[in-house]
Amino acid sequence: MTTVAIIYHSGFGHTKLQAEAVERGAAAVDGVEALLLTAEEAGANLDRLDDADAIIFGSPTYMGSMSAEMKKFLETAAAKWFTQAWKDKVAGAFTNSSSFSGDKMNTLVGLMINAMQQGMIFVSLGMHPAASDPESMNHIQGPGPEVLNRLGSYIGPMAASFQVNPGDAPSTGDLATAEAYGTRVATITQQLKRGRVEA
(Lines give C-alpha, C1' and ligand atoms only; values in the text may rest on other atoms or scores of the structure.)
Protein backbone atom coordinates (compact mmCIF):
# COMPACT_ATOMS: atom_id res chain seq x y z
CA MET A 1 0.00 0.00 0.00
CA THR A 2 1.21 3.50 -0.90
CA THR A 3 0.45 6.23 1.63
CA VAL A 4 -0.11 9.85 0.60
CA ALA A 5 -0.46 12.30 3.50
CA ILE A 6 -2.18 15.65 2.99
CA ILE A 7 -1.22 18.19 5.65
CA TYR A 8 -3.19 21.43 5.63
CA HIS A 9 -4.27 24.47 7.58
CA SER A 10 -7.57 26.18 6.89
CA GLY A 11 -8.65 29.35 8.64
CA PHE A 12 -12.14 29.72 7.18
CA GLY A 13 -12.86 26.34 5.57
CA HIS A 14 -11.95 27.02 1.94
CA THR A 15 -8.52 25.36 2.07
CA LYS A 16 -10.06 22.40 3.91
CA LEU A 17 -12.35 21.81 0.92
CA GLN A 18 -9.33 22.01 -1.37
CA ALA A 19 -7.45 19.53 0.86
CA GLU A 20 -10.39 17.13 0.79
CA ALA A 21 -10.39 17.31 -3.02
CA VAL A 22 -6.67 16.44 -3.07
CA GLU A 23 -7.42 13.55 -0.72
CA ARG A 24 -10.22 12.26 -3.01
CA GLY A 25 -7.90 12.35 -5.99
CA ALA A 26 -5.14 10.46 -4.21
CA ALA A 27 -7.52 7.87 -2.75
CA ALA A 28 -9.00 7.22 -6.21
CA VAL A 29 -5.74 5.54 -7.26
CA ASP A 30 -5.79 1.79 -6.64
CA GLY A 31 -3.43 0.76 -3.87
CA VAL A 32 -3.22 4.24 -2.33
CA GLU A 33 -4.23 5.19 1.19
CA ALA A 34 -4.81 8.93 1.61
CA LEU A 35 -4.25 10.39 5.06
CA LEU A 36 -5.75 13.84 5.75
CA LEU A 37 -4.35 15.74 8.75
CA THR A 38 -4.54 19.32 9.91
CA ALA A 39 -1.22 21.04 10.52
CA GLU A 40 -1.90 20.83 14.24
CA GLU A 41 -2.64 17.09 14.10
CA ALA A 42 0.44 16.46 11.97
CA GLY A 43 2.67 18.45 14.31
CA ALA A 44 1.45 16.41 17.28
CA ASN A 45 2.08 13.12 15.42
CA LEU A 46 5.18 13.98 13.44
CA ASP A 47 6.73 10.50 13.50
CA ARG A 48 3.59 9.10 11.85
CA LEU A 49 4.62 10.91 8.67
CA ASP A 50 7.88 8.97 8.45
CA ASP A 51 5.91 6.05 7.03
CA ALA A 52 4.19 8.14 4.35
CA ASP A 53 5.47 7.78 0.80
CA ALA A 54 4.32 11.29 -0.14
CA ILE A 55 3.36 14.46 1.74
CA ILE A 56 1.29 17.21 0.14
CA PHE A 57 1.26 20.54 1.99
CA GLY A 58 -1.71 22.92 1.78
CA SER A 59 -2.07 26.40 3.20
CA PRO A 60 -4.20 29.48 2.66
CA THR A 61 -2.37 32.55 1.46
CA TYR A 62 -2.60 35.30 4.07
CA MET A 63 -1.03 38.67 3.29
CA GLY A 64 1.03 37.14 0.48
CA SER A 65 2.44 34.17 2.38
CA MET A 66 1.52 30.91 4.05
CA SER A 67 -0.46 30.99 7.29
CA ALA A 68 1.29 31.16 10.66
CA GLU A 69 -0.18 27.75 11.57
CA MET A 70 1.39 26.10 8.51
CA LYS A 71 4.71 27.83 9.17
CA LYS A 72 4.59 26.55 12.74
CA PHE A 73 4.14 23.00 11.46
CA LEU A 74 7.04 23.36 9.02
CA GLU A 75 9.27 24.62 11.81
CA THR A 76 8.23 21.67 14.00
CA ALA A 77 8.97 19.33 11.08
CA ALA A 78 12.47 20.80 10.82
CA ALA A 79 13.37 18.08 13.33
CA LYS A 80 13.14 15.67 10.38
CA TRP A 81 15.78 17.66 8.50
CA PHE A 82 18.51 16.61 10.94
CA THR A 83 17.97 12.90 10.25
CA GLN A 84 16.87 13.32 6.60
CA ALA A 85 13.83 11.21 7.51
CA TRP A 86 11.78 12.68 4.66
CA LYS A 87 14.54 12.55 2.03
CA ASP A 88 13.30 11.12 -1.28
CA LYS A 89 9.65 11.21 -0.24
CA VAL A 90 7.38 12.75 -2.86
CA ALA A 91 6.03 16.22 -2.08
CA GLY A 92 3.44 18.64 -3.42
CA ALA A 93 1.64 21.84 -2.44
CA PHE A 94 -1.60 23.77 -2.91
CA THR A 95 -3.08 27.07 -1.76
CA ASN A 96 -6.20 29.24 -1.70
CA SER A 97 -6.75 32.96 -1.29
CA SER A 98 -9.56 35.47 -1.61
CA SER A 99 -8.57 36.87 -5.00
CA PHE A 100 -7.24 35.74 -8.37
CA SER A 101 -3.68 36.53 -7.32
CA GLY A 102 -3.28 37.39 -3.66
CA ASP A 103 0.41 36.62 -4.29
CA LYS A 104 -0.37 32.90 -3.96
CA MET A 105 2.80 32.07 -5.87
CA ASN A 106 4.81 33.11 -2.82
CA THR A 107 3.00 30.54 -0.67
CA LEU A 108 3.60 27.72 -3.16
CA VAL A 109 7.27 28.67 -3.54
CA GLY A 110 7.68 28.67 0.24
CA LEU A 111 6.11 25.22 0.55
CA MET A 112 8.22 23.93 -2.34
CA ILE A 113 11.45 25.30 -0.85
CA ASN A 114 10.61 23.61 2.44
CA ALA A 115 10.22 20.31 0.57
CA MET A 116 13.53 20.88 -1.22
CA GLN A 117 15.29 21.51 2.09
CA GLN A 118 13.86 18.25 3.39
CA GLY A 119 15.35 16.50 0.34
CA MET A 120 11.94 15.62 -1.06
CA ILE A 121 10.93 15.13 -4.72
CA PHE A 122 8.41 17.83 -5.65
CA VAL A 123 5.62 17.15 -8.16
CA SER A 124 4.31 19.99 -10.35
CA LEU A 125 0.67 20.46 -11.31
CA GLY A 126 1.44 19.16 -14.81
CA MET A 127 -1.52 20.91 -16.37
CA HIS A 128 -1.92 23.70 -18.94
CA PRO A 129 -3.82 26.85 -17.98
CA ALA A 130 -7.53 26.46 -18.74
CA ALA A 131 -6.86 22.78 -19.37
CA SER A 132 -10.51 21.80 -19.78
CA ASP A 133 -11.42 24.82 -21.92
CA PRO A 134 -8.38 26.19 -23.77
CA GLU A 135 -10.63 28.31 -26.03
CA SER A 136 -11.50 30.45 -22.99
CA MET A 137 -7.95 31.83 -23.10
CA ASN A 138 -8.93 33.69 -26.29
CA HIS A 139 -11.49 35.89 -24.50
CA ILE A 140 -10.90 38.90 -22.30
CA GLN A 141 -12.91 37.44 -19.40
CA GLY A 142 -10.73 34.33 -19.44
CA PRO A 143 -11.58 30.92 -17.99
CA GLY A 144 -14.75 30.56 -15.94
CA PRO A 145 -15.05 29.05 -12.45
CA GLU A 146 -15.72 25.54 -13.78
CA VAL A 147 -12.47 25.38 -15.78
CA LEU A 148 -9.49 23.29 -14.66
CA ASN A 149 -6.42 25.35 -13.71
CA ARG A 150 -8.24 28.59 -14.46
CA LEU A 151 -5.59 30.52 -12.51
CA GLY A 152 -2.76 29.19 -14.65
CA SER A 153 -0.55 27.69 -11.94
CA TYR A 154 2.32 25.27 -12.58
CA ILE A 155 3.78 24.54 -9.13
CA GLY A 156 0.52 23.24 -7.64
CA PRO A 157 -3.23 23.93 -7.49
CA MET A 158 -4.39 27.45 -6.77
CA ALA A 159 -7.94 28.35 -5.74
CA ALA A 160 -9.64 31.75 -5.52
CA SER A 161 -12.57 31.96 -3.09
CA PHE A 162 -13.08 35.74 -2.92
CA GLN A 163 -15.46 36.67 -0.05
CA VAL A 164 -17.72 33.68 -0.75
CA ASN A 165 -18.57 31.23 2.03
CA PRO A 166 -17.12 27.69 1.98
CA GLY A 167 -19.38 25.34 0.09
CA ASP A 168 -19.96 27.89 -2.64
CA ALA A 169 -16.22 28.47 -2.93
CA PRO A 170 -13.71 27.35 -4.03
CA SER A 171 -15.24 26.89 -7.46
CA THR A 172 -15.93 23.51 -9.04
CA GLY A 173 -13.00 23.99 -11.41
CA ASP A 174 -10.58 24.84 -8.61
CA LEU A 175 -11.65 21.77 -6.62
CA ALA A 176 -11.45 19.54 -9.70
CA THR A 177 -7.92 20.85 -10.28
CA ALA A 178 -6.99 19.92 -6.69
CA GLU A 179 -8.51 16.46 -7.14
CA ALA A 180 -6.57 15.87 -10.36
CA TYR A 181 -3.40 16.92 -8.55
CA GLY A 182 -4.01 14.39 -5.79
CA THR A 183 -4.31 11.70 -8.44
CA ARG A 184 -1.12 12.89 -10.18
CA VAL A 185 0.95 12.91 -6.99
CA ALA A 186 -0.37 9.49 -5.93
CA THR A 187 0.32 7.97 -9.36
CA ILE A 188 3.87 9.33 -9.52
CA THR A 189 4.50 8.17 -5.96
CA GLN A 190 3.43 4.66 -6.88
CA GLN A 191 5.67 4.68 -9.93
CA LEU A 192 8.69 5.75 -7.88
CA LYS A 193 7.95 3.24 -5.14
CA ARG A 194 7.58 0.42 -7.66
CA GLY A 195 10.85 1.39 -9.31
CA ARG A 196 12.69 1.34 -5.99
CA VAL A 197 11.37 -2.13 -5.19
CA GLU A 198 12.30 -3.49 -8.62
CA ALA A 199 15.75 -1.91 -8.45
# chains A, B, ... in the order shown; residues from 1 in each chain; ligands from 1
call {"tool": "residues_around", "arguments": {"residues": "A:Val123", "least_positions_apart": "2", "cutoff": "7 Å", "atoms": "only C-alpha atoms", "output": "number ranges by chain"}}
result
A: 91-92, 121, 125, 185
call {"tool": "write_last_selection", "arguments": {"atoms": "all heavy atoms", "output": "JSON list (two decimals), in the first residue's frame"}}
result
[["chain", "number", "residue", "atom", "x", "y", "z"],
["A", 91, "ALA", "N", 6.68, 15.07, -2.70],
["A", 91, "ALA", "CA", 6.03, 16.22, -2.08],
["A", 91, "ALA", "C", 5.20, 16.99, -3.10],
["A", 91, "ALA", "O", 5.40, 16.88, -4.31],
["A", 91, "ALA", "CB", 7.08, 17.15, -1.47],
["A", 92, "GLY", "N", 4.26, 17.76, -2.59],
["A", 92, "GLY", "CA", 3.44, 18.64, -3.42],
["A", 92, "GLY", "C", 2.88, 19.75, -2.55],
["A", 92, "GLY", "O", 3.05, 19.75, -1.33],
["A", 121, "ILE", "N", 11.08, 15.07, -3.26],
["A", 121, "ILE", "CA", 10.93, 15.13, -4.72],
["A", 121, "ILE", "C", 9.59, 15.80, -5.01],
["A", 121, "ILE", "O", 8.54, 15.20, -4.79],
["A", 121, "ILE", "CB", 10.99, 13.72, -5.34],
["A", 121, "ILE", "CG1", 12.32, 13.05, -4.98],
["A", 121, "ILE", "CG2", 10.78, 13.78, -6.85],
["A", 121, "ILE", "CD1", 12.34, 11.56, -5.25],
["A", 125, "LEU", "N", 2.07, 20.68, -10.95],
["A", 125, "LEU", "CA", 0.67, 20.46, -11.31],
["A", 125, "LEU", "C", 0.55, 19.67, -12.61],
["A", 125, "LEU", "O", -0.35, 18.85, -12.78],
["A", 125, "LEU", "CB", -0.07, 21.80, -11.42],
["A", 125, "LEU", "CG", -1.56, 21.74, -11.76],
["A", 125, "LEU", "CD1", -2.33, 20.90, -10.75],
["A", 125, "LEU", "CD2", -2.14, 23.16, -11.84],
["A", 185, "VAL", "N", -0.08, 13.16, -8.00],
["A", 185, "VAL", "CA", 0.95, 12.91, -6.99],
["A", 185, "VAL", "C", 0.93, 11.44, -6.57],
["A", 185, "VAL", "O", 1.98, 10.80, -6.46],
["A", 185, "VAL", "CB", 0.77, 13.83, -5.77],
["A", 185, "VAL", "CG1", 1.74, 13.44, -4.65],
["A", 185, "VAL", "CG2", 1.00, 15.29, -6.16]]
call {"tool": "closest_residue", "arguments": {"among": "A:Met116, A:His14, A:Leu108, A:Phe94", "to": "A:Ser171", "atoms": "only C-alpha atoms"}}
result
A:His14
call {"tool": "closest_residue", "arguments": {"among": "A:Ser132, A:Thr187, A:Ser65, A:Ser99", "to": "A:Leu111", "atoms": "only C-alpha atoms"}}
result
A:Ser65
call {"tool": "closest_residue", "arguments": {"among": "A:Val90, A:Ser97, A:Ala39, A:Asp50", "to": "A:Met70", "atoms": "only C-alpha atoms"}}
result
A:Ala39
call {"tool": "select_by_dssp", "arguments": {"residues": "chain A", "states": "helix (DSSP H, G or I)", "output": "ChimeraX atom specification"}}
result
/A:14-27,39-44,46-51,68-76,79-83,104-117,134-138,172-198
call {"tool": "select_by_dssp", "arguments": {"residues": "stretch 6-139 of chain A", "states": "strand (DSSP E or B)", "output": "PyMOL selection string"}}
result
chain A and resi 6-8+32-38+54-62+65-66+90-97+121-122
call {"tool": "residues_around", "arguments": {"residues": "A:Lys104", "least_positions_apart": "5", "cutoff": "7 Å", "atoms": "only C-alpha atoms", "output": "ChimeraX atom specification"}}
result
/A:61,64,95,97
